[in-house]
$ cat work39.tsv   # TSV, C-alpha atoms
chain	number	residue	atom	x	y	z
A	1	MET	CA	5.94	77.56	57.96
A	2	TRP	CA	7.95	80.26	59.61
A	3	GLN	CA	4.72	82.00	60.61
A	4	ILE	CA	3.71	79.22	63.00
A	5	TYR	CA	7.19	79.20	64.55
A	6	ALA	CA	7.02	82.97	65.10
A	7	LEU	CA	3.59	82.68	66.74
A	8	ALA	CA	4.80	79.85	68.96
A	9	PHE	CA	7.72	81.97	70.20
A	10	LEU	CA	5.34	84.87	70.82
A	11	MET	CA	3.20	82.54	72.91
A	12	ILE	CA	6.21	81.38	74.91
A	13	ALA	CA	7.26	84.97	75.60
A	14	GLY	CA	3.74	85.98	76.57
A	15	SER	CA	3.28	83.09	78.97
A	16	LEU	CA	6.67	83.77	80.59
A	17	VAL	CA	5.63	87.36	81.23
A	18	ALA	CA	2.28	86.20	82.60
A	19	VAL	CA	3.93	83.86	85.07
A	20	HIS	CA	6.68	86.09	86.41
A	21	THR	CA	5.26	89.57	86.67
A	22	ARG	CA	4.19	91.00	90.01
A	23	TYR	CA	1.27	93.03	88.83
A	24	LEU	CA	-1.89	91.03	88.23
A	25	LEU	CA	-3.36	93.31	85.57
A	26	SER	CA	-0.23	92.89	83.41
A	27	ALA	CA	-0.48	89.12	83.81
A	28	VAL	CA	-4.06	89.08	82.59
A	29	ILE	CA	-3.24	91.23	79.58
A	30	SER	CA	-0.31	89.06	78.51
A	31	LEU	CA	-2.70	86.11	78.79
A	32	ALA	CA	-4.85	87.96	76.25
A	33	VAL	CA	-1.81	88.23	73.94
A	34	VAL	CA	-1.22	84.47	74.22
A	35	GLY	CA	-4.83	83.72	73.34
A	36	LEU	CA	-4.83	86.06	70.35
A	37	ALA	CA	-1.59	84.56	68.97
A	38	LEU	CA	-3.18	81.13	69.37
A	39	CYS	CA	-6.24	82.24	67.39
A	40	VAL	CA	-4.08	83.46	64.51
A	41	ALA	CA	-2.11	80.18	64.63
A	42	PHE	CA	-5.38	78.25	64.30
A	43	LEU	CA	-6.16	80.27	61.17
A	44	TYR	CA	-2.81	79.36	59.65
A	45	LEU	CA	-3.40	75.70	60.50
A	46	GLN	CA	-6.70	75.71	58.52
A	47	ALA	CA	-9.05	75.12	61.45
A	48	PRO	CA	-11.49	78.08	61.43
A	49	ASP	CA	-14.00	76.53	63.84
A	50	CYS	CA	-11.39	76.39	66.59
A	51	ALA	CA	-10.29	79.98	65.86
A	52	ILE	CA	-13.83	81.36	66.24
A	53	THR	CA	-14.48	79.45	69.45
A	54	GLN	CA	-11.06	80.39	70.87
A	55	ILE	CA	-11.49	84.11	70.48
A	56	VAL	CA	-15.06	84.23	71.72
A	57	VAL	CA	-14.36	82.21	74.86
A	58	GLU	CA	-11.15	84.10	75.52
A	59	VAL	CA	-12.90	87.48	75.45
A	60	LEU	CA	-15.47	86.15	77.89
A	61	ALA	CA	-12.81	84.89	80.30
A	62	LEU	CA	-10.94	88.19	79.99
A	63	ILE	CA	-13.99	90.22	81.02
A	64	ILE	CA	-14.35	88.20	84.20
A	65	LEU	CA	-10.63	88.18	85.02
A	66	ILE	CA	-10.14	91.91	84.47
A	67	ARG	CA	-13.16	92.62	86.61
A	68	ALA	CA	-11.63	90.48	89.34
A	69	THR	CA	-8.20	92.09	89.38
A	70	GLY	CA	-8.03	95.50	87.87
A	71	VAL	CA	-10.69	97.46	89.67
A	72	GLU	CA	-9.53	97.65	93.24
A	73	LYS	CA	-6.07	98.76	94.09
A	74	ASP	CA	-5.22	96.60	97.05
A	75	ILE	CA	-5.40	93.14	95.50
A	76	SER	CA	-3.35	93.87	92.41
A	77	GLU	CA	0.10	93.32	93.82
A	78	ILE	CA	1.97	90.35	95.20
A	79	ARG	CA	4.70	90.71	97.79
A	80	ASP	CA	6.07	87.40	98.98
A	81	LYS	CA	9.33	85.88	100.04
A	82	ARG	CA	10.69	83.30	97.69
A	83	GLU	CA	10.75	79.71	98.91
A	84	VAL	CA	13.92	78.24	97.48
A	85	PHE	CA	13.19	74.59	98.16
A	86	VAL	CA	9.85	74.55	96.33
A	87	ILE	CA	11.19	76.34	93.28
A	88	GLU	CA	14.25	74.11	92.94
A	89	THR	CA	12.22	70.92	93.23
A	90	ALA	CA	9.74	72.14	90.63
A	91	VAL	CA	12.51	73.08	88.20
A	92	ILE	CA	14.26	69.71	88.55
A	93	PHE	CA	11.00	67.86	88.00
A	94	ILE	CA	10.15	69.92	84.94
A	95	VAL	CA	13.60	69.37	83.38
A	96	VAL	CA	13.29	65.59	83.82
A	97	PHE	CA	9.78	65.71	82.38
A	98	ALA	CA	10.96	67.72	79.37
A	99	PHE	CA	13.74	65.19	78.67
A	100	PHE	CA	11.28	62.31	78.57
A	101	ILE	CA	8.84	64.30	76.42
A	102	PHE	CA	11.59	64.96	73.91
A	103	LYS	CA	12.35	61.25	73.70
A	104	ALA	CA	8.68	60.31	73.30
A	105	LEU	CA	7.92	62.87	70.59
A	106	ASN	CA	10.20	61.02	68.17
A	107	TYR	CA	7.56	58.33	67.77
A	108	LEU	CA	4.90	60.69	66.39
A	109	PRO	CA	4.50	60.98	62.61
A	110	GLN	CA	6.31	63.89	61.07
A	111	PHE	CA	4.59	67.29	61.21
A	112	GLY	CA	2.53	67.75	58.05
A	113	HIS	CA	1.99	64.10	57.13
A	114	PRO	CA	-0.59	62.66	59.49
A	115	LEU	CA	-1.90	59.12	59.31
A	116	MET	CA	-5.48	59.59	58.31
A	117	ARG	CA	-7.01	56.14	58.41
A	118	VAL	CA	-10.26	56.98	60.16
A	119	SER	CA	-10.51	60.53	58.86
A	120	GLN	CA	-10.25	59.41	55.24
A	121	GLU	CA	-13.50	57.49	55.68
A	122	TYR	CA	-15.16	60.57	57.16
A	123	ILE	CA	-13.96	62.74	54.29
A	124	ASN	CA	-15.08	60.31	51.59
A	125	LYS	CA	-18.50	59.55	52.96
A	126	GLY	CA	-19.28	62.69	54.94
A	127	LEU	CA	-21.17	64.66	52.33
A	128	ALA	CA	-23.03	61.63	50.98
A	129	GLN	CA	-24.21	60.25	54.27
A	130	THR	CA	-25.11	63.39	56.18
A	131	GLY	CA	-25.64	66.10	53.57
A	132	SER	CA	-23.79	68.82	55.44
A	133	ALA	CA	-20.97	70.73	53.79
A	134	ASN	CA	-19.01	71.46	56.96
A	135	LEU	CA	-17.20	68.22	57.76
A	136	VAL	CA	-16.28	69.16	61.32
A	137	THR	CA	-19.95	69.82	62.18
A	138	SER	CA	-20.97	66.56	60.58
A	139	ILE	CA	-18.46	64.71	62.75
A	140	LEU	CA	-19.50	66.56	65.92
A	141	LEU	CA	-23.26	66.26	65.46
A	142	ASP	CA	-23.80	63.13	63.41
A	143	PHE	CA	-20.96	60.64	63.53
A	144	ARG	CA	-19.88	61.37	67.08
A	145	ALA	CA	-22.92	63.04	68.55
A	146	TYR	CA	-22.60	61.15	71.82
A	147	ASP	CA	-19.55	63.22	72.73
A	148	THR	CA	-21.54	66.40	72.15
A	149	LEU	CA	-24.22	65.09	74.49
A	150	GLY	CA	-21.53	64.45	77.09
A	151	GLU	CA	-20.18	67.95	76.70
A	152	ALA	CA	-23.63	69.46	77.08
A	153	THR	CA	-24.01	67.51	80.31
A	154	VAL	CA	-20.64	68.74	81.60
A	155	LEU	CA	-21.59	72.34	80.82
A	156	PHE	CA	-24.89	71.92	82.60
A	157	THR	CA	-23.23	70.44	85.67
A	158	ALA	CA	-20.61	73.20	85.82
A	159	ILE	CA	-23.24	75.94	85.60
A	160	LEU	CA	-25.30	74.17	88.26
A	161	GLY	CA	-22.30	74.04	90.57
A	162	ALA	CA	-21.48	77.72	90.04
A	163	ILE	CA	-25.05	78.81	90.75
A	164	ILE	CA	-25.27	76.67	93.88
A	165	VAL	CA	-22.07	78.06	95.36
A	166	LEU	CA	-22.98	81.67	94.68
A	167	ARG	CA	-26.66	81.80	95.50
A	168	GLU	CA	-28.39	84.03	98.01
A	169	VAL	CA	-31.56	82.13	98.76
A	170	GLY	CA	-31.27	79.32	101.22
A	171	ARG	CA	-27.97	80.17	102.86
A	172	LYS	CA	-27.73	79.43	106.54
A	173	GLU	CA	-27.34	82.57	108.62
A	174	LYS	CA	-24.60	82.46	111.16
B	1	MET	CA	10.06	70.59	66.66
B	2	LEU	CA	6.74	72.41	66.81
B	3	PHE	CA	5.31	69.70	69.06
B	4	PHE	CA	8.10	70.36	71.53
B	5	LEU	CA	7.35	74.10	71.52
B	6	SER	CA	3.73	73.44	72.42
B	7	PHE	CA	4.90	71.26	75.30
B	8	VAL	CA	7.19	74.06	76.50
B	9	ILE	CA	4.12	76.27	76.87
B	10	PHE	CA	2.43	73.47	78.81
B	11	LEU	CA	5.43	73.18	81.13
B	12	ILE	CA	5.44	76.93	81.79
B	13	GLY	CA	1.81	76.69	82.88
B	14	LEU	CA	2.65	73.69	85.06
B	15	TYR	CA	5.46	75.62	86.75
B	16	CYS	CA	3.05	78.45	87.47
B	17	VAL	CA	0.52	76.12	89.10
B	18	ALA	CA	3.16	74.35	91.18
B	19	THR	CA	5.03	77.31	92.65
B	20	LYS	CA	2.80	80.33	92.94
B	21	LYS	CA	0.63	80.98	95.95
B	22	ASN	CA	-1.76	83.65	94.74
B	23	LEU	CA	-5.07	82.21	93.56
B	24	LEU	CA	-5.34	84.32	90.42
B	25	LYS	CA	-1.86	83.25	89.29
B	26	ILE	CA	-2.88	79.61	89.61
B	27	VAL	CA	-5.95	80.25	87.46
B	28	ILE	CA	-3.74	81.93	84.83
B	29	GLY	CA	-1.48	78.86	84.86
B	30	ILE	CA	-4.41	76.51	84.28
B	31	VAL	CA	-5.60	78.63	81.33
B	32	ILE	CA	-2.09	78.55	79.81
B	33	MET	CA	-2.03	74.75	80.08
B	34	GLU	CA	-5.38	74.50	78.34
B	35	TYR	CA	-4.25	76.72	75.44
B	36	ALA	CA	-1.12	74.58	75.02
B	37	VAL	CA	-3.10	71.33	74.85
B	38	ASN	CA	-5.48	72.71	72.21
B	39	PHE	CA	-2.51	73.93	70.20
B	40	PHE	CA	-0.93	70.49	70.30
B	41	LEU	CA	-4.15	68.77	69.21
B	42	VAL	CA	-4.63	70.99	66.16
B	43	LEU	CA	-0.94	70.64	65.22
B	44	LEU	CA	-1.42	66.88	64.99
B	45	GLY	CA	-3.92	67.14	62.19
B	46	TYR	CA	-2.26	69.55	59.80
B	47	ARG	CA	-1.43	68.38	56.31
B	48	MET	CA	1.11	70.14	54.13
B	49	GLY	CA	-0.69	72.16	51.47
B	50	GLY	CA	-4.12	71.27	52.79
B	51	VAL	CA	-7.26	73.39	52.93
B	52	ALA	CA	-9.97	73.73	55.55
B	53	PRO	CA	-12.40	70.78	55.66
B	54	ILE	CA	-15.43	72.49	54.13
B	55	VAL	CA	-16.82	71.25	50.82
B	56	THR	CA	-17.59	74.13	48.45
B	57	LYS	CA	-18.45	74.24	44.79
B	58	GLY	CA	-14.98	74.51	43.33
B	59	VAL	CA	-13.35	71.98	45.58
B	60	LYS	CA	-13.86	68.34	44.71
B	61	GLY	CA	-11.77	65.73	46.40
B	62	ALA	CA	-8.97	68.12	47.22
B	63	LYS	CA	-6.45	67.68	50.00
B	64	PHE	CA	-8.31	68.29	53.20
B	65	VAL	CA	-6.81	68.88	56.57
B	66	ASP	CA	-7.68	66.17	59.08
B	67	PRO	CA	-11.14	67.11	60.44
B	68	LEU	CA	-10.95	65.15	63.69
B	69	PRO	CA	-8.55	67.25	65.86
B	70	PRO	CA	-10.56	70.48	65.49
B	71	GLY	CA	-13.49	68.46	66.76
B	72	TYR	CA	-11.57	67.58	69.94
B	73	GLY	CA	-10.51	71.21	70.41
B	74	PHE	CA	-14.07	72.39	69.84
B	75	ASN	CA	-15.51	70.16	72.52
B	76	SER	CA	-12.92	71.18	75.08
B	77	TYR	CA	-14.07	74.80	75.36
B	78	SER	CA	-16.65	74.15	78.00
B	79	TYR	CA	-15.03	75.45	81.14
C	1	MET	CA	-36.36	108.03	85.23
C	2	SER	CA	-35.88	106.24	81.96
C	3	PRO	CA	-32.90	103.96	81.93
C	4	ILE	CA	-31.16	105.88	79.20
C	5	LYS	CA	-30.98	109.15	81.06
C	6	ASN	CA	-30.05	107.72	84.43
C	7	ASN	CA	-26.57	109.05	84.88
C	8	SER	CA	-25.81	107.75	88.33
C	9	GLN	CA	-24.73	104.27	87.35
C	10	GLY	CA	-23.47	102.39	84.39
C	11	MET	CA	-21.08	103.97	82.01
C	12	SER	CA	-21.06	107.32	80.24
C	13	VAL	CA	-23.57	108.51	77.68
C	14	ILE	CA	-21.32	107.69	74.75
C	15	VAL	CA	-21.08	104.05	75.79
C	16	LYS	CA	-24.83	103.80	76.28
C	17	THR	CA	-25.62	105.25	72.86
C	18	VAL	CA	-23.13	103.07	71.03
C	19	ALA	CA	-24.37	99.98	72.91
C	20	LYS	CA	-27.91	100.73	71.80
C	21	PHE	CA	-26.81	100.72	68.16
C	22	VAL	CA	-24.41	97.82	68.27
C	23	VAL	CA	-26.44	95.15	70.11
C	24	PRO	CA	-28.96	94.28	67.32
C	25	PRO	CA	-26.25	93.45	64.73
C	26	ILE	CA	-24.45	91.32	67.34
C	27	VAL	CA	-27.59	89.29	68.04
C	28	LEU	CA	-28.20	88.97	64.30
C	29	PHE	CA	-24.67	87.71	63.74
C	30	GLY	CA	-25.04	85.17	66.53
C	31	ILE	CA	-28.29	83.84	65.06
C	32	TYR	CA	-26.66	83.68	61.61
C	33	MET	CA	-23.78	81.65	62.99
C	34	VAL	CA	-26.11	79.20	64.74
C	35	LEU	CA	-28.33	78.65	61.70
C	36	HIS	CA	-25.51	78.24	59.18
C	37	GLY	CA	-23.62	75.76	61.31
C	38	HIS	CA	-23.53	73.12	58.64
C	39	LEU	CA	-22.43	75.37	55.80
C	40	THR	CA	-19.78	77.70	57.20
C	41	PRO	CA	-17.39	77.36	60.14
C	42	GLY	CA	-19.00	78.02	63.47
C	43	GLY	CA	-21.95	76.09	64.77
C	44	GLY	CA	-23.94	76.05	67.95
C	45	PHE	CA	-21.29	76.81	70.56
C	46	PRO	CA	-19.78	80.08	69.27
C	47	GLY	CA	-23.19	81.35	68.21
C	48	GLY	CA	-24.63	80.79	71.69
C	49	VAL	CA	-21.69	82.52	73.36
C	50	ILE	CA	-22.04	85.52	71.01
C	51	ILE	CA	-25.72	85.93	71.87
C	52	ALA	CA	-24.91	85.71	75.59
C	53	SER	CA	-22.15	88.29	75.26
C	54	SER	CA	-24.57	90.77	73.70
C	55	PHE	CA	-26.65	90.59	76.89
C	56	ILE	CA	-23.46	90.98	78.91
C	57	LEU	CA	-22.69	94.14	76.94
C	58	LEU	CA	-26.11	95.52	77.86
C	59	THR	CA	-25.55	94.71	81.52
C	60	LEU	CA	-22.12	96.34	81.58
C	61	ALA	CA	-23.25	99.48	79.80
C	62	PHE	CA	-26.43	100.21	81.69
C	63	GLY	CA	-25.56	99.24	85.23
C	64	ARG	CA	-26.71	96.50	87.52
C	65	GLU	CA	-30.15	97.66	88.65
C	66	VAL	CA	-31.54	98.39	85.22
C	67	ALA	CA	-30.41	95.04	83.89
C	68	PHE	CA	-32.13	93.15	86.68
C	69	GLN	CA	-35.49	94.66	85.82
C	70	LYS	CA	-35.32	93.57	82.21
C	71	LEU	CA	-33.48	90.24	82.19
C	72	LYS	CA	-34.19	87.99	85.13
C	73	ARG	CA	-32.11	85.06	86.22
C	74	SER	CA	-34.99	82.62	86.13
C	75	THR	CA	-35.48	83.30	82.43
C	76	ALA	CA	-31.88	82.41	81.73
C	77	SER	CA	-32.05	79.17	83.69
C	78	LEU	CA	-35.29	78.25	81.98
C	79	LEU	CA	-33.73	78.81	78.56
C	80	GLU	CA	-30.79	76.64	79.41
C	81	SER	CA	-32.94	73.75	80.61
C	82	ILE	CA	-35.21	73.95	77.58
C	83	GLY	CA	-32.22	73.84	75.23
C	84	GLY	CA	-30.81	70.78	76.91
C	85	LEU	CA	-34.14	68.98	76.90
C	86	ILE	CA	-34.68	69.66	73.19
C	87	PHE	CA	-31.27	68.20	72.38
C	88	LEU	CA	-31.94	65.09	74.42
C	89	SER	CA	-35.39	64.58	72.92
C	90	LEU	CA	-33.93	64.82	69.41
C	91	ALA	CA	-31.57	62.04	70.33
C	92	LEU	CA	-34.33	59.88	71.78
C	93	LEU	CA	-36.56	60.38	68.73
C	94	GLY	CA	-33.87	58.63	66.78
C	95	ILE	CA	-34.70	55.49	68.69
C	96	GLY	CA	-38.35	55.84	67.86
C	97	PHE	CA	-37.77	56.21	64.13
C	98	GLY	CA	-35.07	53.73	63.46
C	99	GLY	CA	-32.78	51.43	65.23
C	100	TRP	CA	-30.29	53.34	67.31
C	101	PHE	CA	-29.63	56.45	69.42
C	102	PHE	CA	-29.06	59.68	67.48
C	103	LEU	CA	-30.32	58.38	64.16
C	104	ASN	CA	-30.56	61.13	61.57
C	105	PHE	CA	-34.21	60.79	60.66
C	106	LEU	CA	-35.11	63.91	58.71
C	107	PRO	CA	-34.56	63.79	54.95
C	108	LYS	CA	-31.32	65.11	53.58
C	109	GLY	CA	-31.97	67.74	50.97
C	110	GLN	CA	-29.56	69.11	48.42
C	111	PRO	CA	-26.22	70.14	49.85
C	112	LEU	CA	-25.36	73.82	50.41
C	113	ARG	CA	-28.87	74.83	51.35
C	114	ILE	CA	-30.13	75.70	54.80
C	115	LEU	CA	-32.81	73.04	55.05
C	116	SER	CA	-30.50	70.13	54.41
C	117	ALA	CA	-28.50	67.68	56.49
C	118	GLY	CA	-31.20	66.06	58.58
C	119	PHE	CA	-31.56	67.31	62.11
C	120	ILE	CA	-28.23	69.10	62.30
C	121	PRO	CA	-29.78	72.63	62.13
C	122	LEU	CA	-32.22	71.71	64.91
C	123	ALA	CA	-29.43	70.34	67.08
C	124	ASN	CA	-27.42	73.52	66.49
C	125	ILE	CA	-30.36	75.68	67.59
C	126	ALA	CA	-30.84	73.60	70.74
C	127	ILE	CA	-27.18	73.84	71.66
C	128	GLY	CA	-27.11	77.58	70.92
C	129	ILE	CA	-30.04	78.21	73.28
C	130	LYS	CA	-28.47	76.04	75.96
C	131	VAL	CA	-25.02	77.61	75.89
C	132	GLY	CA	-26.31	81.16	75.62
C	133	GLY	CA	-28.71	80.81	78.53
C	134	GLY	CA	-26.13	79.04	80.68
C	135	ILE	CA	-23.38	81.59	80.27
C	136	PHE	CA	-25.73	84.47	80.89
C	137	ALA	CA	-27.04	82.79	84.04
C	138	VAL	CA	-23.50	82.40	85.40
C	139	PHE	CA	-22.72	86.04	84.68
C	140	LEU	CA	-25.86	87.24	86.48
C	141	VAL	CA	-25.04	85.14	89.52
C	142	LEU	CA	-21.48	86.47	89.58
C	143	ILE	CA	-22.54	90.11	89.62
C	144	MET	CA	-25.35	89.55	92.07
C	145	PHE	CA	-23.00	88.13	94.65
C	146	ARG	CA	-22.39	90.49	97.50
C	147	VAL	CA	-20.40	89.69	100.59
C	148	LYS	CA	-22.66	90.33	103.56
C	149	LYS	CA	-20.92	92.13	106.38

$ encode --input "work39.tsv" --output "structure tokens"
Amino acid sequence: MWQIYALAFLMIAGSLVAVHTRYLLSAVISLAVVGLALCVAFLYLQAPDCAITQIVVEVLALIILIRATGVEKDISEIRDKREVFVIETAVIFIVVFAFFIFKALNYLPQFGHPLMRVSQEYINKGLAQTGSANLVTSILLDFRAYDTLGEATVLFTAILGAIIVLREVGRKEK
Amino acid sequence: MLFFLSFVIFLIGLYCVATKKNLLKIVIGIVIMEYAVNFFLVLLGYRMGGVAPIVTKGVKGAKFVDPLPPGYGFNSYSY
Amino acid sequence: MSPIKNNSQGMSVIVKTVAKFVVPPIVLFGIYMVLHGHLTPGGGFPGGVIIASSFILLTLAFGREVAFQKLKRSTASLLESIGGLIFLSLALLGIGFGGWFFLNFLPKGQPLRILSAGFIPLANIAIGIKVGGGIFAVFLVLIMFRVKK
């Protein structure tokens, strides 16, 4: 399992670069590195549906982000003073949070041996009751199709909101 | 130990949202937090020596990876 | 002027020629991924996004004005609404045929064939149309936005 550890450290390094750099184009490209390492980690963890969706959505987000930052030269640089009080408070809060997370993660089952009480039923009866070979699709569209309907509604509402904010017809002229 | 690494990535994104002032940096922080949560969800369902949950001709009753956490990750890509 | 030889906008000639050759296999791959959602990994969501990104490639390669003549925004919104309505009507037909919401009412054929697994292929097609149309509509709105001075 050393491969997943290596990819996790690559993701940590990439996200640190993305947070601290001053140039916005470099931040967006290190975000691309984080997403690509995550896609390869999904392949090692035997979840190919998540890997396909991850890389397709990430490329789409990258097109929009690069178009927003990298084209014009005067919005690609940050020059600010540092505010010491805000940074120290955030760091103290995050350290306390990390301590409590470390205590709480001891109660999870060990990595590699999950409790599969509900999933064992889905695996045993999935092919017989739905007839589809892909078990993840049979869960998403037959056993738990109501969640898919909810996600379709959320997507529709988000697109509606984006189109309403950015439209040209019907704006009030000042 | 791997669960804690995925939470470290989440905390880096949280630090970025809390301290930076530029709008694009805040968006990058939110995207990092989302990647970390999906990573954690798929890590929960891995089984040692398991294969992907797709039934093919040669595989009959083999050790499958838990099929529920990829379903959660799949439905979360709707931003 | 034909859109291929218009050199004043869009990208260079190399990009336009390669985009012409690459877009049909991309659309074919997206349709393949939507239809085989119950046999191979993938499904409705990635297939829809792939089909939308092929249209985005056309818009990026040929410039803004040419793309607006061919692919209108109202078509994309119409596709998205139709996809959502088909999905919802499939769910409601379950009530008509049996007892509860989302009942799988078509017959299940043999496994590992395309026409098996009830209404799952139809639901995948509906979701593919919905996601593809929605993402393309958002992209068109984003590039049509101009700050008025």

$ residues_around --input "work39.tsv" --residues "Lys130 in chain C" --least-positions-apart "3" --cutoff "6 Å" --atoms "only C-alpha atoms" --output "mmCIF file with C-alpha atoms, in the coordinates of the input"
data_model
loop_
_atom_site.group_PDB
_atom_site.id
_atom_site.type_symbol
_atom_site.label_atom_id
_atom_site.label_comp_id
_atom_site.auth_asym_id
_atom_site.auth_seq_id
_atom_site.Cartn_x
_atom_site.Cartn_y
_atom_site.Cartn_z
ATOM 1 C CA GLU C 80 -30.790 76.640 79.410
ATOM 2 C CA GLY C 83 -32.220 73.840 75.230
ATOM 3 C CA GLY C 84 -30.810 70.780 76.910
ATOM 4 C CA ILE C 127 -27.180 73.840 71.660
ATOM 5 C CA GLY C 133 -28.710 80.810 78.530
#

$ closest_residue --input "work39.tsv" --among "C:Ala67, C:Val34, C:Ala137, C:Ala61" --to "chain A" --atoms "all atoms listed in the file"
C:Ala137

$ closest_residue --input "work39.tsv" --among "A:Leu31, A:Cys50, A:Leu7, A:Met1" --to "Ile30 in chain B" --atoms "only C-alpha atoms"
A:Leu31

$ closest_residue --input "work39.tsv" --among "B:Val31, B:Ile26, B:Ile12, B:Asp66" --to "Leu44 in chain B" --atoms "all atoms listed in the file"
B:Asp66

$ residues_around --input "work39.tsv" --residues "Leu5 in chain B" --least-positions-apart "2" --cutoff "9 Å" --atoms "all atoms listed in the file" --output "PyMOL selection string"
(chain A and resi 5+8-9+12) or (chain B and resi 1-3+7-10)

$ closest_residue --input "work39.tsv" --among "C:Gly42, C:Pro24, C:Gly63, C:Gly48" --to "Gly132 in chain C" --atoms "all atoms listed in the file"
C:Gly48

$ closest_atom_pairs --input "work39.tsv" --of "chain B" --to "chain C" --cutoff "10 Å" --atoms "all atoms listed in the file" --output "CSV"
residue,atom,partner,partner_atom,distance
B:Ala52,CA,C:Pro41,CA,9.4
B:Pro53,CA,C:Pro41,CA,9.4
B:Ile54,CA,C:Thr40,CA,7.4
B:Val55,CA,C:Leu39,CA,8.6
B:Thr56,CA,C:Leu112,CA,8.0
B:Lys57,CA,C:Leu112,CA,8.9
B:Phe74,CA,C:Phe45,CA,8.5
B:Asn75,CA,C:Phe45,CA,9.0
B:Tyr77,CA,C:Phe45,CA,8.9
B:Ser78,CA,C:Phe45,CA,9.2
